[in-house]
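Reproduced below: my_file21.txt, with compact mmCIF, C-alpha atoms.
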```txt
# COMPACT_ATOMS: atom_id res chain seq x y z
CA MET A 26 -22.42 6.48 2.04
CA PHE A 27 -19.03 5.97 3.70
CA TYR A 28 -19.30 6.61 7.44
CA GLU A 29 -15.66 6.68 8.52
CA GLU A 30 -16.22 6.54 12.31
CA LYS A 31 -18.69 3.66 12.20
CA ILE A 32 -16.62 1.65 9.75
CA ILE A 33 -13.48 2.09 11.86
CA SER A 34 -15.25 0.95 15.03
CA ASP A 35 -16.68 -2.06 13.14
CA ILE A 36 -13.20 -3.01 11.91
CA LEU A 37 -11.80 -2.69 15.42
CA LYS A 38 -14.48 -5.14 16.54
CA GLY A 39 -13.04 -7.57 13.99
CA ASN A 40 -15.48 -7.07 11.10
CA LEU A 41 -13.50 -7.89 7.97
CA ASN A 42 -16.39 -6.99 5.64
CA SER A 43 -16.09 -3.40 6.84
CA PHE A 44 -12.40 -3.48 6.11
CA GLN A 45 -13.15 -4.67 2.60
CA ILE A 46 -15.26 -1.51 2.17
CA VAL A 47 -12.26 0.59 3.27
CA VAL A 48 -10.04 -1.23 0.77
CA LYS A 49 -12.50 -0.58 -2.06
CA GLN A 50 -12.87 3.07 -1.02
CA TYR A 51 -9.15 3.86 -0.93
CA GLN A 52 -7.59 1.42 -3.38
CA ASN A 53 -7.56 4.03 -6.16
CA LEU A 54 -5.71 6.50 -3.94
CA VAL A 55 -3.11 3.88 -2.96
CA TYR A 56 -2.78 2.72 -6.54
CA SER A 57 -2.24 6.25 -7.84
CA ILE A 58 0.52 6.94 -5.33
CA LEU A 59 2.28 3.62 -5.94
CA ASN A 60 1.81 3.87 -9.70
CA ARG A 61 3.87 7.04 -9.78
CA MET A 62 6.34 6.30 -7.00
CA LEU A 63 7.31 2.78 -8.04
CA THR A 64 8.77 2.31 -11.45
CA ASN A 65 8.09 -1.41 -11.68
CA ASP A 66 4.41 -2.22 -12.42
CA GLU A 67 4.66 -5.74 -11.03
CA ASP A 68 5.55 -4.47 -7.56
CA ILE A 69 2.48 -2.23 -7.25
CA GLU A 70 0.05 -5.05 -6.41
CA ASP A 71 2.37 -6.58 -3.76
CA VAL A 72 3.18 -3.26 -2.13
CA GLY A 73 -0.53 -2.35 -2.26
CA GLN A 74 -1.37 -5.49 -0.30
CA GLU A 75 1.34 -4.65 2.21
CA VAL A 76 -0.16 -1.16 2.62
CA PHE A 77 -3.67 -2.39 3.40
CA ILE A 78 -2.45 -5.10 5.76
CA LYS A 79 -0.48 -2.45 7.64
CA VAL A 80 -3.58 -0.21 7.68
CA PHE A 81 -5.59 -3.06 9.20
CA GLU A 82 -2.94 -3.89 11.79
CA ASN A 83 -2.41 -0.27 12.84
CA LEU A 84 -5.96 1.04 12.69
CA ARG A 85 -6.11 1.04 16.50
CA SER A 86 -3.34 3.66 16.53
CA PHE A 87 -5.20 5.96 14.11
CA LYS A 88 -5.74 9.10 16.21
CA LYS A 89 -8.26 10.79 13.90
CA GLU A 90 -6.08 13.94 13.85
CA SER A 91 -6.20 13.78 10.07
CA LYS A 92 -8.53 12.33 7.48
CA LEU A 93 -8.37 8.55 7.07
CA SER A 94 -7.31 9.11 3.46
CA THR A 95 -4.33 11.24 4.58
CA TRP A 96 -3.33 8.57 7.11
CA ILE A 97 -3.55 5.82 4.48
CA ALA A 98 -1.61 7.98 2.00
CA ARG A 99 1.10 8.42 4.64
CA ILE A 100 1.36 4.68 5.22
CA THR A 101 1.51 4.17 1.44
CA TYR A 102 4.24 6.78 1.11
CA ASN A 103 6.32 5.27 3.96
CA ILE A 104 6.01 1.74 2.62
CA ALA A 105 6.86 2.89 -0.91
CA ILE A 106 9.93 4.76 0.36
CA ASN A 107 11.09 1.76 2.40
CA TYR A 108 10.52 -0.46 -0.61
CA LEU A 109 12.52 1.85 -2.86
CA LYS A 110 15.31 2.04 -0.28
CA LYS A 111 15.51 -1.73 -0.31
CA GLU A 112 15.19 -2.10 -4.06
CA ILE A 113 17.23 0.77 -5.34
CA LYS A 114 20.69 1.41 -3.97
CA LYS A 115 20.35 5.08 -4.87
CA LYS A 116 17.93 5.64 -1.97
CA TYR A 117 16.94 9.26 -2.02
CA ASP A 118 17.88 11.07 -5.17
CA ASN A 119 20.29 13.84 -4.41
CA LEU A 120 18.90 17.32 -4.93
CA GLU A 121 22.17 18.37 -6.56
CA ASP A 122 21.60 15.66 -9.16
CA THR A 123 18.24 17.10 -10.01
CA ILE A 124 19.65 20.40 -11.19
CA ASP A 125 20.93 18.72 -14.32
CA PHE A 126 17.96 16.41 -14.53
CA GLN A 127 16.81 15.47 -18.01
CA PHE A 128 14.00 13.23 -19.17
CA SER A 129 15.07 10.11 -20.99
CA SER A 130 11.63 9.49 -22.52
CA GLU A 131 11.70 9.93 -26.24
CA THR A 132 9.52 12.60 -27.75
CA PRO A 133 6.56 10.94 -29.46
CA GLU A 134 6.63 11.19 -33.24
CA SER A 135 3.10 12.53 -33.41
CA LYS A 136 0.97 14.33 -30.82
CA LEU A 137 -0.62 11.92 -28.39
CA ILE A 138 -4.20 12.33 -27.22
CA GLY A 139 -6.38 10.95 -24.43
CA LYS A 140 -5.18 7.72 -22.82
CA GLU A 141 -1.91 7.66 -24.76
CA PHE A 142 -1.04 11.13 -23.55
CA GLU A 143 -1.94 10.20 -19.94
CA ALA A 144 0.38 7.20 -20.19
CA TYR A 145 3.14 9.39 -21.61
CA LEU A 146 2.67 12.00 -18.87
CA ASN A 147 2.73 9.25 -16.23
CA GLN A 148 5.97 8.02 -17.74
CA LEU A 149 7.45 11.54 -17.50
CA ILE A 150 6.33 11.82 -13.84
CA ARG A 151 7.86 8.44 -13.05
CA GLU A 152 11.17 9.69 -14.43
CA LEU A 153 11.21 12.72 -12.13
CA PRO A 154 13.48 12.58 -9.06
CA LEU A 155 11.73 10.75 -6.20
CA GLN A 156 10.92 13.78 -4.02
CA TYR A 157 9.49 15.70 -7.00
CA ARG A 158 7.28 12.88 -8.18
CA THR A 159 6.13 12.16 -4.62
CA VAL A 160 5.07 15.74 -4.00
CA ILE A 161 3.43 16.24 -7.39
CA THR A 162 1.56 12.94 -7.06
CA LEU A 163 0.26 13.64 -3.56
CA TYR A 164 -0.64 17.25 -4.28
CA HIS A 165 -2.64 16.44 -7.37
CA LEU A 166 -4.33 13.40 -5.89
CA ASP A 167 -7.45 13.34 -3.77
CA GLU A 168 -7.26 17.13 -3.41
CA LEU A 169 -4.47 16.98 -0.82
CA ASN A 170 -3.18 20.43 0.16
CA ILE A 171 0.35 21.49 1.13
CA GLN A 172 -0.27 20.86 4.86
CA GLU A 173 -1.52 17.37 4.17
CA VAL A 174 1.44 16.63 1.91
CA HIS A 175 3.65 17.87 4.78
CA LYS A 176 1.88 15.50 7.22
CA ILE A 177 2.52 12.61 4.86
CA THR A 178 6.08 13.29 3.74
CA LYS A 179 7.41 15.36 6.68
CA PHE A 180 9.06 17.67 4.12
CA PRO A 181 8.89 21.33 5.28
CA GLU A 182 6.05 23.23 3.63
CA GLY A 183 8.49 25.59 1.86
CA THR A 184 10.40 22.64 0.46
CA ILE A 185 7.17 21.09 -0.80
CA LYS A 186 6.34 24.30 -2.65
CA VAL A 187 9.82 24.39 -4.18
CA TYR A 188 9.59 20.73 -5.24
CA LEU A 189 6.17 21.38 -6.73
CA LEU A 190 7.42 24.38 -8.67
CA ARG A 191 10.47 22.57 -9.97
CA ALA A 192 8.54 19.42 -10.90
CA ARG A 193 5.89 21.39 -12.72
CA LYS A 194 8.53 23.48 -14.45
CA LEU A 195 10.40 20.39 -15.63
CA LEU A 196 7.19 18.87 -16.96
CA LYS A 197 6.15 22.13 -18.57
CA GLU A 198 9.50 22.48 -20.35
CA LYS A 199 9.37 18.91 -21.59
CA LEU A 200 5.79 19.37 -22.85
CA GLN A 201 6.68 22.64 -24.54
CA LYS A 202 9.62 20.92 -26.19
CA ASP A 203 7.28 18.18 -27.42
CA GLY A 204 4.95 20.77 -28.90
CA TYR A 205 2.12 20.60 -26.33
CA PRO A 206 -0.60 21.75 -25.90
CA MET B 18 -5.94 24.72 10.30
CA ASP B 19 -5.42 23.60 6.73
CA THR B 20 -5.38 26.27 4.10
CA PRO B 21 -7.56 25.71 1.06
CA ARG B 22 -5.95 24.61 -2.18
CA LYS B 23 -5.27 27.23 -4.79
CA ASN B 24 -5.37 26.62 -8.45
CA SER B 25 -1.91 25.25 -9.23
CA ALA B 26 -1.28 27.69 -12.06
CA GLU B 27 -2.24 30.59 -9.76
CA GLU B 28 0.04 29.21 -7.08
CA GLN B 29 2.85 28.89 -9.59
CA LYS B 30 2.37 32.54 -10.51
CA ALA B 31 2.24 33.62 -6.86
CA ASN B 32 5.41 31.74 -5.98
CA ASN B 33 7.13 32.79 -9.14
CA ASN B 34 6.29 36.47 -8.95
CA TYR B 35 9.89 37.46 -9.46
CA GLN B 36 9.67 35.85 -12.86
CA GLU B 37 7.35 36.70 -15.65
CA THR B 38 5.00 33.87 -16.47
CA SER B 39 4.26 34.16 -20.14
CA GLU B 40 0.88 33.37 -21.62
CA SER B 41 2.21 30.28 -23.37
CA ASP B 42 3.64 29.06 -20.04
CA SER B 43 0.26 29.53 -18.34
CA GLU B 44 -1.37 27.65 -21.16
CA VAL B 45 0.99 24.68 -20.71
CA TYR B 46 0.54 24.80 -16.91
CA ASN B 47 -3.24 24.74 -17.30
CA PHE B 48 -2.96 21.91 -19.79
CA LEU B 49 -0.70 20.03 -17.36
CA ASP B 50 -3.06 20.68 -14.42
CA ASN B 51 -6.02 19.32 -16.34
CA TYR B 52 -4.23 16.03 -16.83
CA LEU B 53 -2.71 15.86 -13.36
CA GLU B 54 -6.07 16.43 -11.66
CA LYS B 55 -7.79 13.81 -13.81
CA GLU B 56 -8.97 10.85 -11.79
CA ASN B 57 -6.92 7.75 -12.34
CA THR B 58 -8.94 5.10 -14.13
CA ASP B 59 -6.41 2.29 -13.64
CA SER B 60 -6.50 0.33 -10.43
CA PHE B 61 -5.50 -2.92 -8.79
CA SER B 62 -6.71 -6.26 -10.14
CA LEU B 63 -10.38 -7.22 -9.66
CA GLY B 64 -9.94 -9.56 -6.70
CA PHE B 65 -7.57 -7.23 -4.88
CA SER B 66 -9.78 -6.54 -1.84
CA LYS B 67 -10.69 -10.23 -1.53
CA ASN B 68 -7.01 -11.19 -1.63
CA ILE B 69 -6.26 -8.80 1.19
CA ILE B 70 -9.09 -10.16 3.34
CA ARG B 71 -7.86 -13.69 2.65
CA GLU B 72 -4.33 -12.72 3.62
CA ILE B 73 -5.53 -11.08 6.84
CA GLU B 74 -7.57 -14.20 7.67
CA ALA B 75 -4.53 -16.37 7.02
CA LYS B 76 -2.42 -14.17 9.31
CA GLN B 77 -5.07 -14.28 12.05
CA GLN B 78 -5.27 -18.08 11.69
CA CYS B 79 -1.49 -18.30 11.89
CA ARG B 80 -1.44 -16.20 15.07
CA PHE B 81 -4.19 -18.38 16.58
CA ASN B 82 -2.25 -21.53 15.67
CA ILE B 83 0.90 -20.15 17.28
CA LYS B 84 -1.06 -19.47 20.48
CA ILE B 85 -2.53 -22.98 20.46
CA TYR B 86 0.85 -24.60 19.79
CA GLY B 87 2.35 -22.51 22.57
CA LEU B 88 -0.37 -23.68 24.93
CA ILE B 89 0.17 -27.31 23.92
CA PHE B 90 3.90 -26.88 24.41
CA MET B 91 3.40 -25.41 27.89
CA LEU B 92 0.98 -28.18 28.87
CA SER B 93 3.41 -30.83 27.60
CA LEU B 94 6.21 -29.17 29.53
CA ILE B 95 4.16 -29.41 32.71
CA SER B 96 2.71 -32.87 32.12
CA ILE B 97 5.90 -34.69 31.05
CA PRO B 98 7.67 -34.40 34.44
CA LEU B 99 4.38 -35.29 36.14
CA PHE B 100 4.03 -38.35 33.94
CA ILE B 101 7.65 -39.37 34.53
CA SER B 102 7.16 -39.12 38.28
CA PHE B 103 4.18 -41.50 38.10
CA ILE B 104 5.74 -43.91 35.67
CA SER B 105 6.36 -47.49 36.74
CA ASN B 106 6.60 -50.95 35.05
CA GLU B 107 2.99 -51.69 35.89
CA LEU B 108 1.80 -48.44 34.35
CA ILE B 109 3.80 -49.02 31.16
CA SER B 110 2.42 -52.54 30.74
CA MET B 111 -1.10 -51.24 31.39
CA ILE B 112 -0.72 -48.52 28.73
CA LEU B 113 0.66 -51.07 26.26
CA THR B 114 -2.25 -53.43 26.89
CA VAL B 115 -4.77 -50.64 26.39
CA PHE B 116 -2.99 -49.53 23.22
CA LEU B 117 -2.91 -53.05 21.76
CA GLN B 118 -6.54 -53.63 22.69
CA TYR B 119 -7.72 -50.46 20.93
CA LYS B 120 -5.01 -50.24 18.22
CA PHE B 121 -7.57 -50.01 15.40
CA ILE B 122 -9.36 -47.13 17.08
CA PHE B 123 -6.03 -45.32 17.50
CA ALA B 124 -5.08 -46.01 13.87
CA PHE B 125 -8.51 -44.81 12.71
CA PHE B 126 -8.16 -41.64 14.80
CA ILE B 127 -4.71 -40.82 13.36
CA CYS B 128 -5.90 -41.49 9.79
CA GLY B 129 -8.94 -39.27 10.43
CA VAL B 130 -6.77 -36.37 11.59
CA ILE B 131 -4.46 -36.72 8.57
CA LEU B 132 -7.46 -36.86 6.20
CA ILE B 133 -9.02 -33.73 7.74
CA GLN B 134 -5.74 -31.83 7.38
CA PHE B 135 -5.38 -33.01 3.80
CA SER B 136 -8.91 -32.09 2.73
CA GLU B 137 -8.66 -28.68 4.43
CA ARG B 138 -5.55 -27.95 2.39
CA LEU B 139 -7.27 -29.10 -0.81
CA ILE B 140 -10.24 -26.82 -0.10
CA TYR B 141 -7.90 -23.84 0.38
CA ILE B 142 -6.04 -24.60 -2.86
CA ASN B 143 -9.34 -24.83 -4.80
CA ARG B 144 -10.60 -21.60 -3.24
CA ASP B 145 -7.36 -19.82 -4.21
CA LYS B 146 -7.72 -21.06 -7.81
CA LYS B 147 -11.23 -19.49 -8.00
```

Go through the file and emit its structure as structure tokens.
Amino acid sequence: MFYEEKIISDILKGNLNSFQIVVKQYQNLVYSILNRMLTNDEDIEDVGQEVFIKVFENLRSFKKESKLSTWIARITYNIAINYLKKEIKKKYDNLEDTIDFQFSSETPESKLIGKEFEAYLNQLIRELPLQYRTVITLYHLDELNIQEVHKITKFPEGTIKVYLLRARKLLKEKLQKDGYP
Amino acid sequence: MDTPRKNSAEEQKANNNYQETSESDSEVYNFLDNYLEKENTDSFSLGFSKNIIREIEAKQQCRFNIKIYGLIFMLSLISIPLFISFISNELISMILTVFLQYKFIFAFFICGVILIQFSERLIYINRDKK
């Protein structure tokens, strides 16, 4: 069992084994966020390390107002955004640009199933404008709800809903075009 | 208070009530939801958590070293003027005599320190390779 309170107090006492448990518990969450937010696979491991080191260094400031997973997701999001700002000159994609947004992924010649389809869908999500892919990733991960996504991204709740609708609509249209389901 | 999550397709319908959501659209949305909600099976490399712990240990060690070096620097800063104020020809000749008398012990001590540093580094490199 994962007892959040006890583990946090152990880490604050300097127990690194307890922190390793936290890393193992939340590494899938961090990976999923980074996997969709960052387009370069090689960066995911480095940024992931940066995330957990920041979690360790700032655990004392964790106020327990939200779940630990939400707090870690927020740190992941902030680090990913900062990383993208440094790496990509574009910074935040402009919403106006997204009106004419089109996927560049080629339509597969035959219908993909299972893992191949997951990879293809991930590719489509990665091509979405940053704010869309962020919101859709957070919302569909770890059962985060709109309020939690708002806590993480600081986007207004209405905006999150709009981004979700648009992202899902873009994906739906692309899938329909490809002949899915 | 957080509101509970709705089914995404339901939410899409609720937010899109000014538009008709056709059956085929709902089917695609459900299909999409199934995949989006699927747990991610990919993850970081196997030694990821160990690497992080190692990095944190290295950072803590680095911070400790900085504190120690700072302390040594402060002590040197205090002791150098003190030493200079006590220095005289007799003292210098006495120090030289002591040094020459125990030169092998001094040399052995310096070699020992260098060897310890060297072996520590080798151990770290081997541990990293594993």

- Fewer than 6 positions away in the same chain doesn't count, so skip those; otherwise give me all residues within 12 Å of A:Pro181, counting all atoms listed in the file, as a list in words. Val160, Ile171, Gln172, Glu173, Val174, His175, Val187 and Tyr188 of chain A

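Of the residues listed (A:Asn65, A:Ile78, A:Ile58, A:Glu143), A:Ile58 shows the shortest atom-to-atom separation from A:Thr101; distances use all atoms listed in the file.
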
Find the residues of chain A that sit at most 6 Å from chain B; for each, write down the nearest two atoms and how far apart they are in Å, to one decimal. Count all atoms listed in the file. Sort by chain, then by number going up, and give it as JSON lines.
```
{"residue": "A:Gln45", "atom": "CA", "partner": "B:Ser66", "partner_atom": "CA", "distance": 5.9}
{"residue": "A:Val48", "atom": "CA", "partner": "B:Ser66", "partner_atom": "CA", "distance": 5.9}
{"residue": "A:Asn53", "atom": "CA", "partner": "B:Ser60", "partner_atom": "CA", "distance": 5.7}
{"residue": "A:Tyr56", "atom": "CA", "partner": "B:Ser60", "partner_atom": "CA", "distance": 5.9}
{"residue": "A:His165", "atom": "CA", "partner": "B:Glu54", "partner_atom": "CA", "distance": 5.5}
{"residue": "A:Asn170", "atom": "CA", "partner": "B:Arg22", "partner_atom": "CA", "distance": 5.5}
```

- Query: Which protein, DNA or RNA residues have an atom at most 9 Å from (-1.6, 2.6, -0.2), counting all atoms listed in the file? List them as number ranges by chain.
  - Reply: A: 51-59, 72-77, 80, 97-102, 104-105

- At what distance in Å, to one decimal, does atom CA of B:Leu132 lie from atom CA of B:Ser96?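 So the answer is 28.1 Å.
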
- Task: Please measure the separation of atom CA of A:Glu82 and atom CA of B:Gly87, giving the value in Å to one decimal.
- Result: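 Separating atom CA of A:Glu82 from atom CA of B:Gly87 is a distance of 22.2 Å.
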
- Separation of atom CA of A:Leu189 and atom CA of A:Ile161, in Å?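 Computing the Euclidean distance for atom CA of A:Leu189 and atom CA of A:Ile161 yields 5.9 Å.
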
- Which residues, written as a VMD selection string, have at least one atom at most 8 Å from A:Trp96, with only C-alpha atoms counted and residues fewer than 4 positions away on the same chain left out? chain A and resid 87 91 to 92 100 177

- Nearest candidate to A:Asp68 (options A:Glu30, A:Asp35, A:Glu152, A:Glu112; using all atoms listed in the file):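 Result for the nearest residue to A:Asp68: A:Glu112.
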